[in-house]
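Engineer: This is the structure I want to talk about, given as structure tokens.
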Number of protein chains: 2
Amino acid sequence: MTLIDVARAAGVSKSTASNALGGSGRVSGTTRERILDVARELGYRPNTAARSLRRSSTGAIGLHLPRTATRLDYYMNLAFGAVERAREDGLDLVLLAPGTASGGGLAARVDGLLVIDPEVDDPSVPDLLDAGVPVVTGERYLGGGVAPSGAVVCDNAASLAALLDHLAERGARRPALLAPGPGSDWAAALRAAAGDWSRREGVDVVVRTVPFAATPAEAEAATADLIATVPGLDAVVCAPDGAVPGVLAAAAHAGLQPGTDLLVAVCVDGAAARGSSPPVTAVDLRAAEYGRACAALLSDLLAGTAQPGVVRRHDWALNIRASTTGRP
Amino acid sequence: MTLIDVARAAGVSKSTASNALGGSGRVSGTTRERILDVARELGYRPNTAARSLRRSSTGAIGLHLPRTATRLDYYMNLAFGAVERAREDGLDLVLLAPGTASGGGLAARVDGLLVIDPEVDDPSVPDLLDAGVPVVTGERYLGGGVAPSGAVVCDNAASLAALLDHLAERGARRPALLAPGPGSDWAAALRAAAGDWSRREGVDVVVRTVPFAATPAEAEAATADLIATVPGLDAVVCAPDGAVPGVLAAAAHAGLQPGTDLLVAVCVDGAAARGSSPPVTAVDLRAAEYGRACAALLSDLLAGTAQPGVVRRHDWALNIRASTTGRP
DNA sequence: GCCGTGTGCTGGAACGTTCCAGCACGTTCC
DNA sequence: GGAACGTGCTGGAACGTTCCAGCACACGGC
């Protein structure tokens, strides 16, 4: 079932068939209709390999996730969003092995790359940026080297500020933040925003550093330390979502009721935040839509409908739950 | 930088260059070395589109995950394992949008498919099995239709029996199991194994049904119900990993100490089980290796080094933690 | 009546690889 | 010393698509 079969069946040349199906060249309305009908009837599917060879494009984009992605459902949702959006533009999404430099030939296998939450200490990120194809990053890359062709960013400063405003409104006078070190745009923005908010509101936010992909045990230790050393501590914002159960465990262990004695919130919504007891107030980064937005931008760059260097914003939302209201 | 450039630089015909690089045909040792050297020096990368066109294979395999995958780090690890293994064989792994029938042309885009934990009520699974390319399933497919070309299975009956043996050894006399309905091979095997073990050991295992991707809240409700209605309940095995925090919450709420008053275990190891407090004893399905095994089998099928219909076993391990020993 | 222009369509070439038939040469065998 | 065979290499064809030059024809203007 090739283009030639369709052309033969419709009584035209392969060029005309190609033009009709591809919307290029000059074809009269009637023949175009006829060719489309025939193609539909025969169940014609263009051969992607031949198309790729001729057009010298692959019809696929690559997706790179942080090495530490393994513990967050956030990235899974993001990936599924990106896959869906790519499919709408006829693009396949190939998953790249995290942490491994996939050996030079990347540019031959994909038309563009999605690099999500690029961390400065991920050695494969510079290679990806230098692969010779357009790259869209999810959040900015703080390292040097070749600049990405585009980026989709969240206003993490604004979302943390909103979260802190909410906590203050709920009566918190002594909030703390558990955040990773400034190796990613996201964490760096959170740390900076905490400082800004402190100065603006005149309320000091205690910041403790935890790993990018903190485990509940690590968060529990950090929270226990906060409870022991910060007098009057009444709110904890935990940046990484996977660590939420640890914060709640530390609270329970100290005899503090989440939502009343200790307000708890998290900067990444997900299964961990939704499913905890009590459910935890969270910044919803809308992972699937974020993935869609990244794929859409890359698609636009490939199509030439977006300018290289463009940065698009992605909206967030605050999901308020019992961990900051006390109402179950 | 094409094969022709390499051939010219090495002073041979493109056929000889192709033979030398591909290991096919008849080439003398010395010319072969020379050609390989030249290719390396010039940084030659074969054009995948041209290769695909000529060989009529795509060099990619598809990965389908359950629609409900979004909440389990298990599938992410599995995907990364599969991607790594596929790469070792020069195959790209394209992620398929879950839940959507990806529109007929699948066979033209991938050489084979990995369908992980196929659920009987997932409408896209029959389409995938019927796509016209080899399919390897992770766990068996309980629905009808076209049979997969291969499968990689875990002995879920044995692992649950080992878990129950362990609980009995730790003194449990009244264990319960929270398991999904029998829509997947995994859940069906667990339910059957619980019955077998009950009969064999003369100890009744109470079984409660929870969703395939149960939330902590759902598990908490189910566990609270067990505690309230099963006199002497002393152990809970929770099948889905995402639900573990719920079981622990219900125990805490009832004033039961996990690991002493109530033994807790889970059938899928992951971040939720490892990171809980206390850490929860779990059956480690070794997700990354599982993904590798699935990709390896598909690769073998494509290469013709495995017979269609083959079923391979995948080993599991029991990770014993404080939730069943009481020792932190 | 001829030129210029626009329309609808065609045939051939090209993309880079792999496969196949076949050629020149050397060795072995009877 | 010719037939039979194995080795090392070559050139052309093929895969299915897209792009480009160009052809036949119709139409309008002078």
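Residue numbers start at 1 in each chain; chains themselves are named A, B, ... in the order of the structure tokens; ligands are numbered from 1 in the order shown.
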Quick check: residues of chain A within 6 Å of chain B, only C-alpha atoms, returned as number ranges by chain.
Structural biologist: A: 49-50, 52-53, 70-71, 73, 76-77, 83-84, 93-95, 97, 215-217, 271, 275
Engineer: Within 6 Å of chain A, which residues of chain D show up when using only C-alpha atoms (C1' of nucleotides), listed as a VMD selection string?
Structural biologist: chain D and resid 16 to 18
Engineer: Please produce a file of the residues just selected, as a CSV table (one decimal), in the first residue's frame, where the atoms kept are N, CA and C atoms (P, O5', C5', C4', C3', O3' and C1' of nucleotides).
Structural biologist:
chain,number,residue,atom,x,y,z
D,16,DG,P,8.1,0.0,-1.0
D,16,DG,O5',7.8,1.5,-0.8
D,16,DG,C5',7.7,2.0,0.6
D,16,DG,C4',7.8,3.5,0.6
D,16,DG,C3',6.6,4.2,-0.2
D,16,DG,O3',6.0,5.2,0.6
D,16,DG,C1',8.7,5.0,-0.9
D,17,DT,P,4.8,6.0,0.1
D,17,DT,O5',5.4,7.5,0.1
D,17,DT,C5',5.9,8.1,1.3
D,17,DT,C4',7.0,9.0,0.9
D,17,DT,C3',6.6,10.3,0.3
D,17,DT,O3',6.4,11.3,1.3
D,17,DT,C1',8.7,9.5,-0.6
D,18,DT,P,5.6,12.6,1.0
D,18,DT,O5',6.8,13.5,0.3
D,18,DT,C5',7.9,13.9,1.2
D,18,DT,C4',8.9,14.7,0.3
D,18,DT,C3',8.4,16.0,-0.3
D,18,DT,O3',9.4,17.0,-0.1
D,18,DT,C1',9.3,14.6,-2.0
Engineer: Report the distance between CA of Thr209 in chain A and CA of Ala179 in chain A in Å, rounded to one decimal place.
Structural biologist: 5.1 Å
Engineer: For chain B, which of C:DC29, C:DG16, C:DC23, C:DG1 is the closest residue, counting only C-alpha atoms (C1' of nucleotides)?
Structural biologist: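 Of all the options, C:DG16 lies closest to chain B.
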Engineer: Can you check which residues of chain C have any atom within 10 Å of chain B? Use only C-alpha atoms (C1' of nucleotides) and format it as a VMD selection string.
Structural biologist: chain C and resid 15 to 19
Engineer: Mind dumping the selected residues with N, CA and C atoms (P, O5', C5', C4', C3', O3' and C1' of nucleotides) as a tab-separated table (two decimals), in the first residue's frame?
Structural biologist:
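Result file follows (again.tsv):
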chain	number	residue	atom	x	y	z
C	15	DC	P	21.32	13.27	-3.38
C	15	DC	O5'	20.70	12.91	-1.96
C	15	DC	C5'	19.74	13.72	-1.31
C	15	DC	C4'	19.01	12.86	-0.31
C	15	DC	C3'	19.87	11.72	0.25
C	15	DC	O3'	20.50	12.17	1.44
C	15	DC	C1'	17.62	11.02	-0.27
C	16	DG	P	22.11	11.95	1.59
C	16	DG	O5'	22.19	10.42	2.08
C	16	DG	C5'	21.68	10.09	3.36
C	16	DG	C4'	21.62	8.59	3.49
C	16	DG	C3'	22.97	7.89	3.34
C	16	DG	O3'	23.12	7.00	4.41
C	16	DG	C1'	21.36	6.90	1.91
C	17	DT	P	24.41	6.11	4.65
C	17	DT	O5'	23.84	4.65	4.51
C	17	DT	C5'	22.86	4.20	5.40
C	17	DT	C4'	21.98	3.18	4.74
C	17	DT	C3'	22.61	1.82	4.49
C	17	DT	O3'	22.35	1.01	5.63
C	17	DT	C1'	21.16	2.51	2.69
C	18	DT	P	23.14	-0.38	5.76
C	18	DT	O5'	22.32	-1.32	4.75
C	18	DT	C5'	20.99	-1.68	5.08
C	18	DT	C4'	20.44	-2.54	3.97
C	18	DT	C3'	21.13	-3.89	3.79
C	18	DT	O3'	20.11	-4.86	3.61
C	18	DT	C1'	21.10	-2.73	1.74
C	19	DC	P	20.44	-6.41	3.90
C	19	DC	O5'	20.15	-7.06	2.47
C	19	DC	C5'	18.94	-6.75	1.81
C	19	DC	C4'	19.09	-7.01	0.32
C	19	DC	C3'	19.78	-8.34	-0.02
C	19	DC	O3'	18.92	-9.08	-0.86
C	19	DC	C1'	20.70	-6.54	-1.26
Engineer: For DA21 in chain C, find every residue with an atom within 12 Å (counting only C-alpha atoms (C1' of nucleotides)), except residues of its own chain fewer than 5 positions away, and show them as a list in words.
Structural biologist: DT10, DG11, DG12 and DA13 of chain D
Engineer: Name all residues at most 8 Å from Gly112 in chain A (count only C-alpha atoms (C1' of nucleotides); drop same-chain ones fewer than 3 positions away) and give them as a ChimeraX atom specification.
Structural biologist: /A:60-62,107,133-136,298,302
Engineer: Could you pull the residues within 9 Å of range 169-175 of chain A, counting only C-alpha atoms (C1' of nucleotides), minus those fewer than 6 positions along the same chain, as an NGL selection string?
Structural biologist: :A and (203-206 or 230-237 or 262-263 or 324-325)
Engineer: Can you check which residues of range 120-315 of chain A DSSP gives as helix (DSSP H, G or I) on the backbone and send them as an NGL selection string?
Structural biologist: :A and (124-129 or 156-169 or 185-201 or 216-229 or 241-253 or 271-275 or 287-303)
Engineer: As a PyMOL selection string, please: the residues near DC9 in chain C (cut-off 12 Å, only C-alpha atoms (C1' of nucleotides), same-chain neighbours under 6 positions excluded).
Structural biologist: (chain A and resi 11-20+25-28+31-32) or (chain D and resi 22-25)
Engineer: Next, write the just-selected residues to a file, as an mmCIF file, in the first residue's frame, keeping C-alpha atoms (C1' of nucleotides) as the atom set.
Structural biologist:
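File produced: selection.cif:
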data_model
loop_
_atom_site.group_PDB
_atom_site.id
_atom_site.type_symbol
_atom_site.label_atom_id
_atom_site.label_comp_id
_atom_site.auth_asym_id
_atom_site.auth_seq_id
_atom_site.Cartn_x
_atom_site.Cartn_y
_atom_site.Cartn_z
ATOM 1 C CA GLY A 11 -5.629 7.411 -12.204
ATOM 2 C CA VAL A 12 -3.043 10.106 -11.526
ATOM 3 C CA SER A 13 0.710 10.265 -11.194
ATOM 4 C CA LYS A 14 2.488 9.739 -7.890
ATOM 5 C CA SER A 15 3.402 13.426 -7.850
ATOM 6 C CA THR A 16 -0.213 14.500 -7.985
ATOM 7 C CA ALA A 17 -1.146 11.962 -5.347
ATOM 8 C CA SER A 18 1.650 13.246 -3.151
ATOM 9 C CA ASN A 19 0.542 16.838 -3.684
ATOM 10 C CA ALA A 20 -3.076 16.047 -2.936
ATOM 11 C CA GLY A 25 1.680 21.890 -5.251
ATOM 12 C CA ARG A 26 -1.249 22.600 -7.550
ATOM 13 C CA VAL A 27 -4.143 20.156 -7.613
ATOM 14 C CA SER A 28 -7.713 20.853 -8.682
ATOM 15 C CA THR A 31 -8.962 15.385 -8.249
ATOM 16 C CA ARG A 32 -7.828 16.188 -4.730
ATOM 17 C "C1'" DG D 22 8.791 21.217 -17.535
ATOM 18 C "C1'" DC D 23 4.837 20.108 -20.660
ATOM 19 C "C1'" DA D 24 0.164 20.757 -22.576
ATOM 20 C "C1'" DC D 25 -3.475 23.604 -22.564
#
